[in-house]
file entry_32.pdb (PDB, C-alpha atoms and all ligand atoms)
ATOM      1  CA  MET A  26       0.000   0.000   0.000  1.00  0.00           C
ATOM      2  CA  ASP A  27       1.065   3.556  -0.637  1.00  0.00           C
ATOM      3  CA  PHE A  28       2.056   5.224   2.651  1.00  0.00           C
ATOM      4  CA  MET A  29      -0.753   7.842   2.566  1.00  0.00           C
ATOM      5  CA  GLU A  30      -3.224   5.060   1.781  1.00  0.00           C
ATOM      6  CA  VAL A  31      -2.095   3.209   4.914  1.00  0.00           C
ATOM      7  CA  ILE A  32      -2.649   6.368   6.978  1.00  0.00           C
ATOM      8  CA  ALA A  33      -6.060   6.975   5.394  1.00  0.00           C
ATOM      9  CA  LYS A  34      -7.237   3.356   5.747  1.00  0.00           C
ATOM     10  CA  ARG A  35      -6.409   2.860   9.438  1.00  0.00           C
ATOM     11  CA  ARG A  36      -9.442   2.731  11.712  1.00  0.00           C
ATOM     12  CA  ALA A  37     -10.116   2.006  15.355  1.00  0.00           C
ATOM     13  CA  ILE A  38     -11.380  -1.581  15.080  1.00  0.00           C
ATOM     14  CA  ARG A  39     -13.748  -2.780  17.787  1.00  0.00           C
ATOM     15  CA  LYS A  40     -14.852  -6.081  16.268  1.00  0.00           C
ATOM     16  CA  TYR A  41     -12.347  -8.870  15.568  1.00  0.00           C
ATOM     17  CA  LYS A  42     -12.423 -12.262  13.885  1.00  0.00           C
ATOM     18  CA  LYS A  43     -11.038 -15.011  16.083  1.00  0.00           C
ATOM     19  CA  ASP A  44      -8.508 -16.079  13.397  1.00  0.00           C
ATOM     20  CA  PRO A  45      -4.940 -16.042  14.733  1.00  0.00           C
ATOM     21  CA  VAL A  46      -2.422 -13.505  13.477  1.00  0.00           C
ATOM     22  CA  PRO A  47       0.385 -15.295  11.562  1.00  0.00           C
ATOM     23  CA  ASP A  48       3.824 -14.989  13.175  1.00  0.00           C
ATOM     24  CA  GLU A  49       5.277 -13.583   9.903  1.00  0.00           C
ATOM     25  CA  LYS A  50       2.963 -10.591  10.300  1.00  0.00           C
ATOM     26  CA  LEU A  51       3.731 -10.146  13.986  1.00  0.00           C
ATOM     27  CA  VAL A  52       7.454 -10.094  13.205  1.00  0.00           C
ATOM     28  CA  LYS A  53       6.841  -7.112  10.901  1.00  0.00           C
ATOM     29  CA  LEU A  54       5.059  -5.314  13.729  1.00  0.00           C
ATOM     30  CA  TYR A  55       7.983  -6.000  16.092  1.00  0.00           C
ATOM     31  CA  GLU A  56      10.338  -4.542  13.502  1.00  0.00           C
ATOM     32  CA  ALA A  57       8.156  -1.421  13.088  1.00  0.00           C
ATOM     33  CA  LEU A  58       8.367  -0.887  16.869  1.00  0.00           C
ATOM     34  CA  ARG A  59      12.103  -1.488  16.857  1.00  0.00           C
ATOM     35  CA  LEU A  60      12.837   1.061  14.127  1.00  0.00           C
ATOM     36  CA  ALA A  61      10.916   3.923  15.779  1.00  0.00           C
ATOM     37  CA  PRO A  62      12.850   7.015  16.895  1.00  0.00           C
ATOM     38  CA  SER A  63      13.077   7.998  20.574  1.00  0.00           C
ATOM     39  CA  GLY A  64      14.645  10.832  22.547  1.00  0.00           C
ATOM     40  CA  ASN A  65      18.437  10.306  22.691  1.00  0.00           C
ATOM     41  CA  ASN A  66      17.738   6.937  21.089  1.00  0.00           C
ATOM     42  CA  ARG A  67      17.004   5.713  24.595  1.00  0.00           C
ATOM     43  CA  GLN A  68      14.327   3.214  23.527  1.00  0.00           C
ATOM     44  CA  PRO A  69      12.792   3.448  26.998  1.00  0.00           C
ATOM     45  CA  TYR A  70      10.049   0.895  26.447  1.00  0.00           C
ATOM     46  CA  LYS A  71       9.035  -2.737  26.248  1.00  0.00           C
ATOM     47  CA  PHE A  72       6.126  -4.245  24.351  1.00  0.00           C
ATOM     48  CA  ILE A  73       4.398  -7.372  25.614  1.00  0.00           C
ATOM     49  CA  PHE A  74       2.417  -9.290  23.000  1.00  0.00           C
ATOM     50  CA  VAL A  75      -0.144 -11.446  24.777  1.00  0.00           C
ATOM     51  CA  LYS A  76      -1.332 -14.319  22.613  1.00  0.00           C
ATOM     52  CA  ASP A  77      -2.162 -16.763  25.411  1.00  0.00           C
ATOM     53  CA  GLU A  78      -5.961 -16.851  25.649  1.00  0.00           C
ATOM     54  CA  ASN A  79      -6.197 -17.311  29.424  1.00  0.00           C
ATOM     55  CA  THR A  80      -3.883 -14.383  30.071  1.00  0.00           C
ATOM     56  CA  ARG A  81      -5.683 -12.178  27.542  1.00  0.00           C
ATOM     57  CA  HIS A  82      -9.059 -12.960  29.012  1.00  0.00           C
ATOM     58  CA  GLU A  83      -7.830 -12.331  32.542  1.00  0.00           C
ATOM     59  CA  ILE A  84      -6.505  -8.921  31.453  1.00  0.00           C
ATOM     60  CA  VAL A  85      -9.788  -8.003  29.783  1.00  0.00           C
ATOM     61  CA  ARG A  86     -11.904  -9.301  32.695  1.00  0.00           C
ATOM     62  CA  ARG A  87      -9.902  -7.592  35.421  1.00  0.00           C
ATOM     63  CA  ALA A  88      -8.606  -4.453  33.737  1.00  0.00           C
ATOM     64  CA  CYS A  89     -10.707  -3.460  30.751  1.00  0.00           C
ATOM     65  CA  HIS A  90     -14.159  -1.988  30.466  1.00  0.00           C
ATOM     66  CA  GLN A  91     -14.691  -2.920  26.842  1.00  0.00           C
ATOM     67  CA  ASP A  92     -15.833  -6.418  25.909  1.00  0.00           C
ATOM     68  CA  PHE A  93     -14.707  -6.193  22.272  1.00  0.00           C
ATOM     69  CA  LEU A  94     -11.202  -6.861  23.588  1.00  0.00           C
ATOM     70  CA  TYR A  95     -12.119 -10.495  24.344  1.00  0.00           C
ATOM     71  CA  ASP A  96     -12.124 -11.382  20.652  1.00  0.00           C
ATOM     72  CA  ALA A  97      -8.793  -9.930  19.532  1.00  0.00           C
ATOM     73  CA  PRO A  98      -6.290 -12.820  19.217  1.00  0.00           C
ATOM     74  CA  VAL A  99      -3.379 -10.635  20.352  1.00  0.00           C
ATOM     75  CA  ILE A 100      -3.210  -7.764  22.825  1.00  0.00           C
ATOM     76  CA  MET A 101      -0.056  -5.665  22.857  1.00  0.00           C
ATOM     77  CA  ILE A 102       0.695  -3.971  26.182  1.00  0.00           C
ATOM     78  CA  ALA A 103       3.161  -1.068  26.003  1.00  0.00           C
ATOM     79  CA  CYS A 104       5.313  -0.336  29.082  1.00  0.00           C
ATOM     80  CA  CYS A 105       7.832   2.456  29.448  1.00  0.00           C
ATOM     81  CA  GLU A 106      10.035   4.313  31.868  1.00  0.00           C
ATOM     82  CA  GLN A 107       8.200   7.057  33.782  1.00  0.00           C
ATOM     83  CA  GLY A 108       7.480  10.120  31.633  1.00  0.00           C
ATOM     84  CA  ARG A 109       8.342   8.393  28.356  1.00  0.00           C
ATOM     85  CA  ALA A 110       4.835   7.970  26.991  1.00  0.00           C
ATOM     86  CA  PHE A 111       5.707  10.327  24.121  1.00  0.00           C
ATOM     87  CA  ASP A 112       8.463   8.024  22.797  1.00  0.00           C
ATOM     88  CA  THR A 113       6.183   5.049  23.331  1.00  0.00           C
ATOM     89  CA  ALA A 114       3.337   6.601  21.330  1.00  0.00           C
ATOM     90  CA  ILE A 115       5.658   7.099  18.368  1.00  0.00           C
ATOM     91  CA  ALA A 116       6.693   3.444  18.404  1.00  0.00           C
ATOM     92  CA  VAL A 117       3.118   2.256  18.869  1.00  0.00           C
ATOM     93  CA  ASP A 118       1.963   4.386  15.934  1.00  0.00           C
ATOM     94  CA  HIS A 119       4.671   2.778  13.787  1.00  0.00           C
ATOM     95  CA  MET A 120       3.245  -0.580  14.811  1.00  0.00           C
ATOM     96  CA  VAL A 121      -0.381   0.398  14.261  1.00  0.00           C
ATOM     97  CA  LEU A 122       0.320   1.688  10.745  1.00  0.00           C
ATOM     98  CA  SER A 123       2.410  -1.375   9.968  1.00  0.00           C
ATOM     99  CA  ALA A 124      -0.538  -3.531  11.110  1.00  0.00           C
ATOM    100  CA  THR A 125      -2.843  -1.644   8.718  1.00  0.00           C
ATOM    101  CA  ASN A 126      -0.345  -2.308   5.932  1.00  0.00           C
ATOM    102  CA  GLU A 127      -0.470  -6.024   6.814  1.00  0.00           C
ATOM    103  CA  GLY A 128      -4.280  -6.074   6.580  1.00  0.00           C
ATOM    104  CA  LEU A 129      -4.716  -6.183  10.365  1.00  0.00           C
ATOM    105  CA  GLY A 130      -7.029  -4.161  12.573  1.00  0.00           C
ATOM    106  CA  THR A 131      -5.989  -2.409  15.784  1.00  0.00           C
ATOM    107  CA  CYS A 132      -7.405   0.029  18.321  1.00  0.00           C
ATOM    108  CA  TRP A 133      -5.527   2.298  20.685  1.00  0.00           C
ATOM    109  CA  VAL A 134      -6.933   1.628  24.167  1.00  0.00           C
ATOM    110  CA  GLY A 135      -6.105   4.004  26.983  1.00  0.00           C
ATOM    111  CA  TRP A 136      -9.145   3.311  29.161  1.00  0.00           C
ATOM    112  CA  PHE A 137      -8.093   0.394  31.391  1.00  0.00           C
ATOM    113  CA  GLU A 138      -6.935  -0.248  34.943  1.00  0.00           C
ATOM    114  CA  ARG A 139      -3.150  -0.336  35.149  1.00  0.00           C
ATOM    115  CA  GLU A 140      -2.653  -2.241  38.404  1.00  0.00           C
ATOM    116  CA  PRO A 141      -4.310  -5.540  37.401  1.00  0.00           C
ATOM    117  CA  VAL A 142      -2.313  -5.503  34.133  1.00  0.00           C
ATOM    118  CA  ARG A 143       0.880  -4.870  36.097  1.00  0.00           C
ATOM    119  CA  GLU A 144       0.076  -7.758  38.436  1.00  0.00           C
ATOM    120  CA  ILE A 145      -0.943 -10.243  35.732  1.00  0.00           C
ATOM    121  CA  LEU A 146       2.124  -9.564  33.558  1.00  0.00           C
ATOM    122  CA  GLY A 147       4.619  -8.921  36.390  1.00  0.00           C
ATOM    123  CA  ILE A 148       5.469  -5.424  35.143  1.00  0.00           C
ATOM    124  CA  ASP A 149       7.917  -3.621  37.421  1.00  0.00           C
ATOM    125  CA  SER A 150       6.497  -0.743  39.486  1.00  0.00           C
ATOM    126  CA  SER A 151       9.075   1.597  37.894  1.00  0.00           C
ATOM    127  CA  MET A 152       7.351   1.245  34.517  1.00  0.00           C
ATOM    128  CA  GLU A 153       4.259   3.058  33.250  1.00  0.00           C
ATOM    129  CA  ILE A 154       1.677   1.237  31.160  1.00  0.00           C
ATOM    130  CA  PRO A 155       0.450   4.005  28.856  1.00  0.00           C
ATOM    131  CA  ILE A 156      -1.535   2.079  26.274  1.00  0.00           C
ATOM    132  CA  LEU A 157      -2.661  -1.309  25.047  1.00  0.00           C
ATOM    133  CA  VAL A 158      -3.546  -2.295  21.504  1.00  0.00           C
ATOM    134  CA  PRO A 159      -5.645  -5.293  20.406  1.00  0.00           C
ATOM    135  CA  ILE A 160      -4.465  -6.769  17.103  1.00  0.00           C
ATOM    136  CA  GLY A 161      -6.389  -9.080  14.781  1.00  0.00           C
ATOM    137  CA  TYR A 162      -8.372  -9.343  11.577  1.00  0.00           C
ATOM    138  CA  ALA A 163     -11.161  -6.761  11.500  1.00  0.00           C
ATOM    139  CA  ASP A 164     -14.734  -8.022  11.492  1.00  0.00           C
ATOM    140  CA  GLU A 165     -16.128  -4.594  10.659  1.00  0.00           C
ATOM    141  CA  CYS A 166     -15.354  -1.784   8.202  1.00  0.00           C
ATOM    142  CA  PRO A 167     -16.014   1.473  10.049  1.00  0.00           C
ATOM    143  CA  GLU A 168     -16.472   4.679   8.078  1.00  0.00           C
ATOM    144  CA  ALA A 169     -13.765   7.286   8.452  1.00  0.00           C
ATOM    145  CA  LYS A 170     -14.440   9.542  11.448  1.00  0.00           C
ATOM    146  CA  PRO A 171     -14.621  13.282  10.722  1.00  0.00           C
ATOM    147  CA  ARG A 172     -11.459  15.294  11.206  1.00  0.00           C
ATOM    148  CA  LYS A 173     -10.816  18.996  11.516  1.00  0.00           C
ATOM    149  CA  SER A 174      -9.870  20.730   8.287  1.00  0.00           C
ATOM    150  CA  ILE A 175      -6.252  21.517   7.402  1.00  0.00           C
ATOM    151  CA  GLN A 176      -7.145  25.208   7.903  1.00  0.00           C
ATOM    152  CA  GLU A 177      -8.207  24.512  11.476  1.00  0.00           C
ATOM    153  CA  LEU A 178      -5.157  22.404  12.283  1.00  0.00           C
ATOM    154  CA  VAL A 179      -2.287  23.986  10.400  1.00  0.00           C
ATOM    155  CA  LYS A 180      -0.974  27.496  10.499  1.00  0.00           C
ATOM    156  CA  VAL A 181       1.712  28.478   7.991  1.00  0.00           C
ATOM    157  CA  ILE A 182       3.490  31.758   8.569  1.00  0.00           C
TER     158      ILE A 182
HETATM  159  C1  LIG B   1      -4.495   7.711  23.013  1.00  0.00           C
HETATM  160  C2  LIG B   1      -5.761   7.046  22.533  1.00  0.00           C
HETATM  161  C3  LIG B   1      -6.563   6.366  23.433  1.00  0.00           C
HETATM  162  C4  LIG B   1      -7.713   5.698  23.003  1.00  0.00           C
HETATM  163  N1  LIG B   1      -8.438   4.955  23.897  1.00  0.00           N
HETATM  164  C5  LIG B   1      -9.507   4.261  23.452  1.00  0.00           C
HETATM  165  C6  LIG B   1     -10.211   3.396  24.343  1.00  0.00           C
HETATM  166  O1  LIG B   1      -9.893   3.246  25.525  1.00  0.00           O
HETATM  167  N2  LIG B   1     -11.246   2.687  23.829  1.00  0.00           N
HETATM  168  C7  LIG B   1     -11.629   2.768  22.513  1.00  0.00           C
HETATM  169  O2  LIG B   1     -12.563   2.077  22.117  1.00  0.00           O
HETATM  170  N3  LIG B   1     -10.976   3.598  21.648  1.00  0.00           N
HETATM  171  C8  LIG B   1      -9.935   4.329  22.090  1.00  0.00           C
HETATM  172  N4  LIG B   1      -9.236   5.127  21.211  1.00  0.00           N
HETATM  173  C9  LIG B   1      -9.640   5.175  19.790  1.00  0.00           C
HETATM  174  C10 LIG B   1     -10.275   6.525  19.408  1.00  0.00           C
HETATM  175  O3  LIG B   1     -11.570   6.599  19.963  1.00  0.00           O
HETATM  176  C11 LIG B   1     -10.319   6.621  17.886  1.00  0.00           C
HETATM  177  O4  LIG B   1      -8.991   6.576  17.393  1.00  0.00           O
HETATM  178  C12 LIG B   1     -10.992   7.910  17.416  1.00  0.00           C
HETATM  179  O5  LIG B   1     -12.359   7.890  17.736  1.00  0.00           O
HETATM  180  C13 LIG B   1     -10.871   8.140  15.908  1.00  0.00           C
HETATM  181  O6  LIG B   1     -11.363   7.039  15.197  1.00  0.00           O
HETATM  182  P1  LIG B   1     -10.424   6.276  14.134  1.00  0.00           P
HETATM  183  O7  LIG B   1      -9.228   5.751  14.920  1.00  0.00           O
HETATM  184  O8  LIG B   1     -11.248   5.146  13.573  1.00  0.00           O
HETATM  185  O9  LIG B   1      -9.996   7.261  13.103  1.00  0.00           O
HETATM  186  C14 LIG B   1      -8.098   5.789  21.633  1.00  0.00           C
HETATM  187  C15 LIG B   1      -7.282   6.485  20.723  1.00  0.00           C
HETATM  188  C16 LIG B   1      -6.129   7.085  21.165  1.00  0.00           C
HETATM  189  C17 LIG B   1      -5.232   7.772  20.146  1.00  0.00           C
END
call {"tool": "encode", "arguments": {"input": "entry_32.pdb", "output": "structure tokens"}}
result
Amino acid sequence: MDFMEVIAKRRAIRKYKKDPVPDEKLVKLYEALRLAPSGNNRQPYKFIFVKDENTRHEIVRRACHQDFLYDAPVIMIACCEQGRAFDTAIAVDHMVLSATNEGLGTCWVGWFEREPVREILGIDSSMEIPILVPIGYADECPEAKPRKSIQELVKVI
């Protein structure tokens, strides 16, 4: 796909097929995360890909308020050093766009309880857990959501 097409086609997907995500595709997502830039090239993050169904379901049951997450075959949990959510968002966006390019659906999810996720996955208390992202084949084709115009967003002087 052309790069702008990837950007335009990405949607928040909230309905997933149960089909597993092939490892060859996941490896591309890992590489997209790995190649992302970060301040001072510090790479202050870790990304946990949860494929195990029991663990996924425990995370969704104890930490999430959104049942659509039960169906995604993979949930990626991003962890980072304190105050490094900015770097992490850049890497996660690389991954999300790469997933779109691979024909996969994703959804940024910021509304979840951090402490149960920390406990279930054994994430150190020094790390933040800014975001999680379900990954799988979309079982819906949402329309594009409206966006502000370029005139509203961009000022050229
Ligand atoms: C930082 C961030 C947090 C989000 N958290 C949630 C969430 O907890 N649950 C959810 O269903 N969608 C969440 N979203 C998805 C947004 O609602 C969605 O991206 C937005 O409505 C635009 O729709 P689109 O992604 O299909 O263009 C989040 C998006 C971002 C960027």
call {"tool": "closest_atom_pairs", "arguments": {"input": "entry_32.pdb", "of": "chain A", "to": "ligand LIG 1 (chain B)", "cutoff": "12 Å", "atoms": "all atoms listed in the file", "output": "CSV"}}
result
residue,atom,partner,partner_atom,distance
A:Ile32,CA,B:LIG1,O9,9.6
A:Ala33,CA,B:LIG1,O9,8.7
A:Lys34,CA,B:LIG1,O9,8.8
A:Arg35,CA,B:LIG1,O9,6.8
A:Arg36,CA,B:LIG1,O8,3.5
A:Ala37,CA,B:LIG1,O8,3.8
A:Ile38,CA,B:LIG1,O8,6.9
A:Arg39,CA,B:LIG1,O2,6.6
A:Lys40,CA,B:LIG1,O2,10.3
A:Ala88,CA,B:LIG1,O1,11.3
A:Cys89,CA,B:LIG1,O1,8.5
A:His90,CA,B:LIG1,O1,8.4
A:Gln91,CA,B:LIG1,O2,7.2
A:Asp92,CA,B:LIG1,O2,9.9
A:Phe93,CA,B:LIG1,O2,8.5
A:Leu94,CA,B:LIG1,O2,9.2
A:Ala110,CA,B:LIG1,C1,10.1
A:Phe111,CA,B:LIG1,C1,10.6
A:Thr113,CA,B:LIG1,C1,11.0
A:Ala114,CA,B:LIG1,C1,8.1
A:Ile115,CA,B:LIG1,C17,11.1
A:Val117,CA,B:LIG1,C17,10.1
A:Asp118,CA,B:LIG1,C17,9.0
A:Val121,CA,B:LIG1,O7,10.4
A:Leu122,CA,B:LIG1,O7,11.2
A:Thr125,CA,B:LIG1,O7,11.6
A:Gly130,CA,B:LIG1,O8,10.3
A:Thr131,CA,B:LIG1,O7,8.8
A:Cys132,CA,B:LIG1,C9,5.8
A:Trp133,CA,B:LIG1,C14,4.4
A:Val134,CA,B:LIG1,O1,3.6
A:Gly135,CA,B:LIG1,N1,4.0
A:Trp136,CA,B:LIG1,O1,3.7
A:Phe137,CA,B:LIG1,O1,6.8
A:Glu138,CA,B:LIG1,O1,10.5
A:Pro155,CA,B:LIG1,C1,8.5
A:Ile156,CA,B:LIG1,C1,7.1
A:Leu157,CA,B:LIG1,O1,8.6
A:Val158,CA,B:LIG1,N1,9.1
A:Pro159,CA,B:LIG1,O2,10.3
A:Glu165,CA,B:LIG1,O8,11.3
A:Cys166,CA,B:LIG1,O8,9.7
A:Pro167,CA,B:LIG1,O8,7.0
A:Glu168,CA,B:LIG1,O8,7.6
A:Ala169,CA,B:LIG1,O9,6.0
A:Lys170,CA,B:LIG1,O9,5.3
A:Pro171,CA,B:LIG1,O9,8.0
A:Arg172,CA,B:LIG1,O9,8.4
A:Lys173,CA,B:LIG1,C13,11.7
call {"tool": "resolve_selection", "arguments": {"input": "entry_32.pdb", "expression": "the PyMOL selection byres (((chain A and resi 76-79) around 9) and not hetatm)", "output": "list in words"}}
result
Pro45, Phe74, Val75, Thr80, Arg81, His82, Glu83, Ile84, Tyr95, Pro98, Val99, Ile100 and Met101 of chain A
call {"tool": "atom_distance", "arguments": {"input": "entry_32.pdb", "atom1": "CA of Ile154 (chain A)", "atom2": "CA of Val142 (chain A)"}}
result
8.4 Å
call {"tool": "atom_distance", "arguments": {"input": "entry_32.pdb", "atom1": "CA of Arg67 (chain A)", "atom2": "CA of Pro141 (chain A)"}}
result
27.3 Å
call {"tool": "atom_distance", "arguments": {"input": "entry_32.pdb", "atom1": "CA of Tyr70 (chain A)", "atom2": "CA of Leu54 (chain A)"}}
result
15.0 Å
call {"tool": "closest_residue", "arguments": {"input": "entry_32.pdb", "among": "A:Asp149, A:Glu140, A:Glu30, A:Glu127", "to": "Ala163 (chain A)", "atoms": "all atoms listed in the file"}}
result
A:Glu127
call {"tool": "resolve_selection", "arguments": {"input": "entry_32.pdb", "expression": "the PyMOL selection byres (((chain A and resi 153) around 8) and not hetatm)", "output": "VMD selection string"}}
result
chain A and resid 104 to 108 110 150 to 152 154 to 155
call {"tool": "closest_residue", "arguments": {"input": "entry_32.pdb", "among": "A:Ile182, A:Ala61, A:Leu51, A:Ala116", "to": "Ile160 (chain A)", "atoms": "all atoms listed in the file"}}
result
A:Leu51
call {"tool": "closest_residue", "arguments": {"input": "entry_32.pdb", "among": "A:Asp48, A:Asp27, A:Asp112, A:Asp96", "to": "Asn66 (chain A)", "atoms": "only C-alpha atoms"}}
result
A:Asp112
call {"tool": "closest_residue", "arguments": {"input": "entry_32.pdb", "among": "A:Met26, A:Val85, A:Asp44, A:Gln176", "to": "Ile145 (chain A)", "atoms": "all atoms listed in the file"}}
result
A:Val85
call {"tool": "build_atoms", "arguments": {"input": "entry_32.pdb", "residues": "region 61-86 of chain A", "atoms": "N, CA and C atoms", "output": "CSV table (one decimal), in the coordinates of the input"}}
result
chain,number,residue,atom,x,y,z
A,61,ALA,N,11.5,2.6,15.4
A,61,ALA,CA,10.9,3.9,15.8
A,61,ALA,C,12.0,4.8,16.4
A,62,PRO,N,11.9,6.1,16.2
A,62,PRO,CA,12.8,7.0,16.9
A,62,PRO,C,12.4,7.2,18.3
A,63,SER,N,13.4,7.6,19.2
A,63,SER,CA,13.1,8.0,20.6
A,63,SER,C,14.1,9.0,21.0
A,64,GLY,N,13.7,9.8,22.0
A,64,GLY,CA,14.6,10.8,22.5
A,64,GLY,C,16.0,10.2,23.0
A,65,ASN,N,17.1,10.8,22.4
A,65,ASN,CA,18.4,10.3,22.7
A,65,ASN,C,18.6,8.8,22.3
A,66,ASN,N,17.7,8.4,21.5
A,66,ASN,CA,17.7,6.9,21.1
A,66,ASN,C,17.7,6.0,22.3
A,67,ARG,N,17.0,6.4,23.3
A,67,ARG,CA,17.0,5.7,24.6
A,67,ARG,C,16.2,4.4,24.6
A,68,GLN,N,15.2,4.4,23.7
A,68,GLN,CA,14.3,3.2,23.5
A,68,GLN,C,13.8,2.8,24.9
A,69,PRO,N,13.1,3.7,25.6
A,69,PRO,CA,12.8,3.4,27.0
A,69,PRO,C,11.5,2.6,27.2
A,70,TYR,N,11.3,1.6,26.4
A,70,TYR,CA,10.0,0.9,26.4
A,70,TYR,C,10.2,-0.6,26.2
A,71,LYS,N,9.1,-1.3,26.5
A,71,LYS,CA,9.0,-2.7,26.2
A,71,LYS,C,7.6,-3.0,25.8
A,72,PHE,N,7.4,-4.0,24.9
A,72,PHE,CA,6.1,-4.2,24.4
A,72,PHE,C,5.8,-5.7,24.6
A,73,ILE,N,4.8,-6.0,25.3
A,73,ILE,CA,4.4,-7.4,25.6
A,73,ILE,C,3.2,-7.8,24.7
A,74,PHE,N,3.5,-8.8,23.9
A,74,PHE,CA,2.4,-9.3,23.0
A,74,PHE,C,1.8,-10.5,23.7
A,75,VAL,N,0.5,-10.4,24.1
A,75,VAL,CA,-0.1,-11.4,24.8
A,75,VAL,C,-1.0,-12.2,23.8
A,76,LYS,N,-0.6,-13.4,23.5
A,76,LYS,CA,-1.3,-14.3,22.6
A,76,LYS,C,-2.1,-15.3,23.4
A,77,ASP,N,-1.6,-15.7,24.6
A,77,ASP,CA,-2.2,-16.8,25.4
A,77,ASP,C,-3.6,-16.4,25.8
A,78,GLU,N,-4.6,-17.2,25.5
A,78,GLU,CA,-6.0,-16.9,25.6
A,78,GLU,C,-6.3,-16.6,27.1
A,79,ASN,N,-5.8,-17.5,28.0
A,79,ASN,CA,-6.2,-17.3,29.4
A,79,ASN,C,-5.7,-16.0,30.0
A,80,THR,N,-4.5,-15.6,29.6
A,80,THR,CA,-3.9,-14.4,30.1
A,80,THR,C,-4.6,-13.2,29.5
A,81,ARG,N,-4.9,-13.3,28.2
A,81,ARG,CA,-5.7,-12.2,27.5
A,81,ARG,C,-7.0,-12.0,28.2
A,82,HIS,N,-7.7,-13.1,28.4
A,82,HIS,CA,-9.1,-13.0,29.0
A,82,HIS,C,-9.0,-12.4,30.4
A,83,GLU,N,-8.0,-12.8,31.2
A,83,GLU,CA,-7.8,-12.3,32.5
A,83,GLU,C,-7.6,-10.8,32.5
A,84,ILE,N,-6.8,-10.4,31.6
A,84,ILE,CA,-6.5,-8.9,31.5
A,84,ILE,C,-7.8,-8.2,31.2
A,85,VAL,N,-8.6,-8.7,30.2
A,85,VAL,CA,-9.8,-8.0,29.8
A,85,VAL,C,-10.8,-8.0,30.9
A,86,ARG,N,-10.9,-9.2,31.6
A,86,ARG,CA,-11.9,-9.3,32.7
A,86,ARG,C,-11.6,-8.4,33.9
